[in-house]
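Structure, as structure tokens:
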Amino acid sequence: MKNPFNKKNKGPKKPLTIDQKINRRNFISFGTFFIASGVAYGGWKWLYNSPEETATVTAGARKPLRRALNQTELAFRRVFSNNNLVKTYPKEMAAKNVRHNEDIGNEGKIDAVAWKLQVRKKSGEILSISMDDIKALPKTDIVYDFKCVEGWDQISHWGGVSFVDFIKHFKLDDQTDLQYVGLETPDKEYYVGIDMPSAMHPQTLLAYEVNEKPLPPKHGAPLRLIIPVKYGIKNLKRIGSMTFSDKRPRDYWAEQGYDYYSGL
Amino acid sequence: MKEIKEKHPLAMRWTHWINFPILTIMIWSGTLIYWANDVYTITLFGHKFFGFFPEGFYTAFHIQKRLAEGMAFHFLFMWAFALNGLVYVLYTMISGEWRELVPQKKSFKEAWLVLLHDLHIRKMAPPQKKYNAAQRIAYTAIIVMGFGSLITGLAIYKPVQFYYLAWLCGGYHFARILHFALTIGYVFFFLIHIIQVILAGWNNFRSVISGFEVVNKPDPKSIVETPVPSDEKPVQ
């Protein structure tokens, strides 16, 4: 049998006619186009129907999307800097009617006199801190544009003790070598985890005032977190306990499919 | 006699078609996000003409209560959108293709003539090379818009870390409005683009997939005859 690949058996190669050229190029490019479209569609179907992540400290998102959120967090943590400050405004610009969204973990009344902040160190040692202890520290005010994950924003005026001052005063410096701060409401219904660099950002406050008045219950009396480098979902109201750890503390909205970092 | 005339380079065709599904996903996931605070309206002199978006639109596309999902998709495909756009812009700059694309001084005047021609008000279209004046403006504008989406997007995504971008966009609040308006711009661009592509016909459409157009070259003997005025070149 003759070898069909033997060139010697072939006659002189005829140049392609213009129509053959057109057909050949159409075939190749449209073939590629349809195959690539098919691959893209298949990829999309795979992603859209990909299984939900196993519920851990985060839950509710598609597995590959959660991975992407976590990877994106790492990328954007590299641009995070204490030198990048949220824009502040004169206090006249602050809203008189401060928007209020949710009351999870902040329902019912609380006795501000009996209330104590429970700070649990890594060693297990617990500090019980009263409102008077906190108010004895220098007060810091901030008027800035509060940003909700839903997309609204509002200039509001908060007062309290800066988180950095709080750490220094209660000699918790060694705790900040750990990677996360966990905050929970007294009833443990609402909880957030904050990465240490964001918590130690110079504009993070443990706030007890809004518009220069004590926090009303709906805004998280007696003490709440105001952290301008995070969406509102991380600004926990009515802090009951504070913990430090190297692992991500549980986080209410990260369990509902939201990004754990949620940094701004 | 038929002749193959090269039109669109490979890099342009790939980035164009990669951009299409990515932008679709970005607009869809963006709508899932927008729903959570759907406050934008077209209001003139106190009269509300339109609210983005009507209930029926949300129901039809299953938009409601999917904010977390929308954000997760948006913050993955933003990388692809930016990367693909970057490849296209770099290619266009380095290859010199930008010369065919960016508007010239005369383009702004000529674009009117193109418009009048396309609306069948004027018979002749101004002479052109690869793109006519209106195309130069539209296709350059869409790249600028893409860049705008990237900047306004970053400004609302990390307004503290990229405080200078937020400032550039007129603040966080206004940046979100711009980001939304640009998206509406894409939808309008898409509609007109599709209509124009249909009107321009198969030869033009094919060139964005296979890269070439088939032109009818006059037979050698007709060279001595009066050449066809370039004004009558069909507009694609």
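Labels used: A, B, ... for chains in the order of the structure tokens, numbers from 1 for residues in each chain, and numbers from 1 for ligands as shown.
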
With 6 Å as the cut-off and only C-alpha atoms counted, what is the closest atom pair between each nearby residue of chain B and chain A? Distances in Å to one decimal, ordered by chain and number, as a tab-separated table.
```
residue	atom	partner	partner_atom	distance
B:Ala36	CA	A:Glu150	CA	5.0
B:Asn37	CA	A:Gly151	CA	5.5
B:Ala68	CA	A:Tyr258	CA	5.1
B:Ala72	CA	A:Leu65	CA	5.9
B:Lys158	CA	A:Leu264	CA	4.2
B:Pro159	CA	A:Leu264	CA	5.7
B:Val160	CA	A:Val86	CA	5.0
B:Gln161	CA	A:Asn84	CA	5.4
B:Ser210	CA	A:Ser29	CA	5.0
```

DSSP on the backbone, then: every residue of region 45-200 of chain A marked alpha helix (DSSP H), written as a PDB file with C-alpha atoms, in the first residue's frame.
```
ATOM      1  CA  LYS A  45     -22.906  26.066  34.071  1.00  0.00           C
ATOM      2  CA  TRP A  46     -20.253  24.416  36.215  1.00  0.00           C
ATOM      3  CA  LEU A  47     -19.706  27.568  38.254  1.00  0.00           C
ATOM      4  CA  TYR A  48     -23.393  28.403  38.599  1.00  0.00           C
ATOM      5  CA  LYS A  63     -17.388  26.739  46.843  1.00  0.00           C
ATOM      6  CA  PRO A  64     -15.327  28.286  44.005  1.00  0.00           C
ATOM      7  CA  LEU A  65     -16.769  31.733  44.691  1.00  0.00           C
ATOM      8  CA  ARG A  66     -15.815  31.532  48.356  1.00  0.00           C
ATOM      9  CA  ARG A  67     -12.319  30.590  47.301  1.00  0.00           C
ATOM     10  CA  ALA A  68     -12.256  33.609  44.996  1.00  0.00           C
ATOM     11  CA  LEU A  69     -13.500  35.901  47.789  1.00  0.00           C
ATOM     12  CA  ASN A  70     -10.745  34.660  50.102  1.00  0.00           C
ATOM     13  CA  GLN A  71      -8.069  35.027  47.424  1.00  0.00           C
ATOM     14  CA  THR A  72      -9.328  38.509  46.590  1.00  0.00           C
ATOM     15  CA  GLU A  73      -9.129  39.366  50.291  1.00  0.00           C
ATOM     16  CA  LEU A  74      -5.442  38.432  50.267  1.00  0.00           C
ATOM     17  CA  ALA A  75      -4.823  40.613  47.213  1.00  0.00           C
ATOM     18  CA  PHE A  76      -6.541  43.655  48.690  1.00  0.00           C
ATOM     19  CA  ARG A  77      -5.001  43.203  52.140  1.00  0.00           C
ATOM     20  CA  MET A 131     -18.631  51.689  81.048  1.00  0.00           C
ATOM     21  CA  ASP A 132     -17.004  54.006  83.597  1.00  0.00           C
ATOM     22  CA  ASP A 133     -13.589  52.434  82.938  1.00  0.00           C
ATOM     23  CA  ILE A 134     -14.076  53.029  79.218  1.00  0.00           C
ATOM     24  CA  LYS A 135     -15.374  56.579  79.568  1.00  0.00           C
ATOM     25  CA  PHE A 163      -9.577  50.875  69.673  1.00  0.00           C
ATOM     26  CA  VAL A 164      -5.827  51.505  69.770  1.00  0.00           C
ATOM     27  CA  ASP A 165      -6.167  53.555  72.983  1.00  0.00           C
ATOM     28  CA  PHE A 166      -8.346  50.837  74.487  1.00  0.00           C
ATOM     29  CA  ILE A 167      -5.726  48.155  73.719  1.00  0.00           C
ATOM     30  CA  LYS A 168      -2.901  50.275  75.160  1.00  0.00           C
ATOM     31  CA  HIS A 169      -4.760  51.246  78.323  1.00  0.00           C
ATOM     32  CA  MET A 196      -6.180  42.698  63.407  1.00  0.00           C
ATOM     33  CA  PRO A 197      -4.867  45.322  60.935  1.00  0.00           C
ATOM     34  CA  SER A 198      -8.408  46.645  60.410  1.00  0.00           C
ATOM     35  CA  ALA A 199      -9.181  46.599  64.149  1.00  0.00           C
TER      36      ALA A 199
END
```

What's the 10 Å shell around Tyr131 (chain B), counting only C-alpha atoms, without same-chain residues fewer than 4 positions away, as a compact mmCIF listing (two decimals) with N, CA and C atoms, in the first residue's frame?
```txt
# COMPACT_ATOMS: atom_id res chain seq x y z
N GLU B 100 -6.52 53.55 13.85
CA GLU B 100 -7.78 53.30 13.14
C GLU B 100 -8.99 53.59 14.03
N LEU B 101 -8.71 53.70 15.34
CA LEU B 101 -9.79 53.69 16.31
C LEU B 101 -10.11 55.04 16.94
N VAL B 102 -9.06 55.75 17.39
CA VAL B 102 -9.36 56.98 18.14
C VAL B 102 -9.88 58.06 17.20
N PRO B 103 -10.82 58.85 17.69
CA PRO B 103 -11.40 59.89 16.84
C PRO B 103 -10.34 60.89 16.39
N PRO B 127 -15.88 59.55 3.38
CA PRO B 127 -14.96 58.44 3.16
C PRO B 127 -14.34 57.98 4.47
N GLN B 135 -18.17 55.41 14.34
CA GLN B 135 -17.62 54.22 14.98
C GLN B 135 -16.40 54.55 15.82
N ARG B 136 -15.55 55.42 15.27
CA ARG B 136 -14.36 55.83 16.01
C ARG B 136 -14.76 56.39 17.37
N ILE B 137 -15.77 57.25 17.35
CA ILE B 137 -16.21 57.87 18.60
C ILE B 137 -16.83 56.83 19.52
N TYR B 139 -16.59 53.46 19.57
CA TYR B 139 -15.71 52.38 20.05
C TYR B 139 -14.61 52.89 20.97
N VAL B 235 -21.36 51.72 4.47
CA VAL B 235 -20.93 51.93 5.86
C VAL B 235 -21.20 50.64 6.65
N GLN B 236 -20.19 50.20 7.36
CA GLN B 236 -20.39 49.00 8.17
C GLN B 236 -20.27 49.36 9.63
```

Practice problem: Would you list the contacts of Glu255 (chain A) as an MDAnalysis selection string, taking every protein, DNA or RNA residue within 12 Å and counting only C-alpha atoms, but skipping same-chain residues closer than 5 positions in sequence? | Solution: (chainID A and resid 52:61 66 190:193 249:250 260) or (chainID B and resid 68)

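Atom to atom, CA of Ile27 (chain B) and CA of Tyr164 (chain B) stand 25.2 Å apart.
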
Quiz item: Which is closer to Pro222 (chain A) than all the others in A:Val39, A:Leu117, A:Ile194, A:Ala95, using only C-alpha atoms?
Solution: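 The closest residue to Pro222 (chain A) is A:Leu117.
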
Quiz item: What does the distance from CA of Ile4 (chain B) to CA of Asn203 (chain B) come to in Å, to one decimal?
Solution: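 It comes out at 11.0 Å.
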
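Picture a line from CA of Ser107 (chain B) to CA of Arg206 (chain B); it runs 25.7 Å.
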
Self-check item: Long-range neighbours of Glu110 (chain B) as number ranges by chain, 9 Å cut-off, only C-alpha atoms, 2 positions minimum in chain
Solution: B: 106-108, 112-115, 125-126, 132-134

Resulting file, chosen residues, N, CA and C atoms, as a PDB file, in the first residue's frame:
```pdb
ATOM      1  N   LYS B 106     -11.482  65.643  12.573  1.00  0.00           N
ATOM      2  CA  LYS B 106     -12.644  65.737  11.686  1.00  0.00           C
ATOM      3  C   LYS B 106     -13.768  64.779  12.079  1.00  0.00           C
ATOM      4  N   SER B 107     -13.441  63.808  12.969  1.00  0.00           N
ATOM      5  CA  SER B 107     -14.424  62.762  13.271  1.00  0.00           C
ATOM      6  C   SER B 107     -15.715  63.311  13.859  1.00  0.00           C
ATOM      7  N   PHE B 108     -15.570  64.347  14.690  1.00  0.00           N
ATOM      8  CA  PHE B 108     -16.743  64.845  15.380  1.00  0.00           C
ATOM      9  C   PHE B 108     -17.711  65.503  14.397  1.00  0.00           C
ATOM     10  N   TRP B 112     -21.723  63.384  12.392  1.00  0.00           N
ATOM     11  CA  TRP B 112     -23.076  63.841  12.073  1.00  0.00           C
ATOM     12  C   TRP B 112     -23.497  63.364  10.690  1.00  0.00           C
ATOM     13  N   LEU B 113     -22.555  63.462   9.753  1.00  0.00           N
ATOM     14  CA  LEU B 113     -22.863  63.041   8.393  1.00  0.00           C
ATOM     15  C   LEU B 113     -23.144  61.541   8.341  1.00  0.00           C
ATOM     16  N   VAL B 114     -22.363  60.787   9.151  1.00  0.00           N
ATOM     17  CA  VAL B 114     -22.588  59.341   9.227  1.00  0.00           C
ATOM     18  C   VAL B 114     -23.975  59.059   9.775  1.00  0.00           C
ATOM     19  N   LEU B 115     -24.313  59.803  10.824  1.00  0.00           N
ATOM     20  CA  LEU B 115     -25.627  59.622  11.449  1.00  0.00           C
ATOM     21  C   LEU B 115     -26.743  59.915  10.445  1.00  0.00           C
ATOM     22  N   ALA B 125     -22.011  58.964   2.569  1.00  0.00           N
ATOM     23  CA  ALA B 125     -21.299  58.933   3.846  1.00  0.00           C
ATOM     24  C   ALA B 125     -19.882  59.421   3.588  1.00  0.00           C
ATOM     25  N   PRO B 126     -19.271  60.061   4.569  1.00  0.00           N
ATOM     26  CA  PRO B 126     -17.898  60.528   4.367  1.00  0.00           C
ATOM     27  C   PRO B 126     -16.967  59.335   4.128  1.00  0.00           C
ATOM     28  N   ASN B 132     -15.744  54.235  10.470  1.00  0.00           N
ATOM     29  CA  ASN B 132     -16.189  55.584  10.136  1.00  0.00           C
ATOM     30  C   ASN B 132     -16.127  56.462  11.389  1.00  0.00           C
ATOM     31  N   ALA B 133     -16.395  57.737  11.188  1.00  0.00           N
ATOM     32  CA  ALA B 133     -16.228  58.705  12.280  1.00  0.00           C
ATOM     33  C   ALA B 133     -17.080  58.345  13.493  1.00  0.00           C
ATOM     34  N   ALA B 134     -18.320  57.922  13.250  1.00  0.00           N
ATOM     35  CA  ALA B 134     -19.215  57.594  14.359  1.00  0.00           C
ATOM     36  C   ALA B 134     -18.698  56.361  15.099  1.00  0.00           C
TER      37      ALA B 134
END
```

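Of the listed residues B:Ile209, B:Ala111, B:Met12, B:Ala138, the one whose atoms come nearest to Leu90 (chain B) is B:Met12, with distances taken using only C-alpha atoms.
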
Quiz item: Neighbours of region 57-62 of chain B within 10 Å (only C-alpha atoms; same-chain residues fewer than 6 positions away dropped), as number ranges by chain?
Solution: B: 28, 31-32, 35

Self-check item: Residue nearest Phe53 (chain B) - candidates B:Ile94, B:Ile184, B:Leu86, B:Ala175, atoms counted: only C-alpha atoms
Solution: B:Ile184

Self-check item: For Lys121 (chain A): contacts at 10 Å, only C-alpha atoms, fewer than 5 positions along chain excluded, given as JSON, numbers by chain
Solution: {"A": [126, 127, 172, 174, 175, 242, 243, 244, 245]}
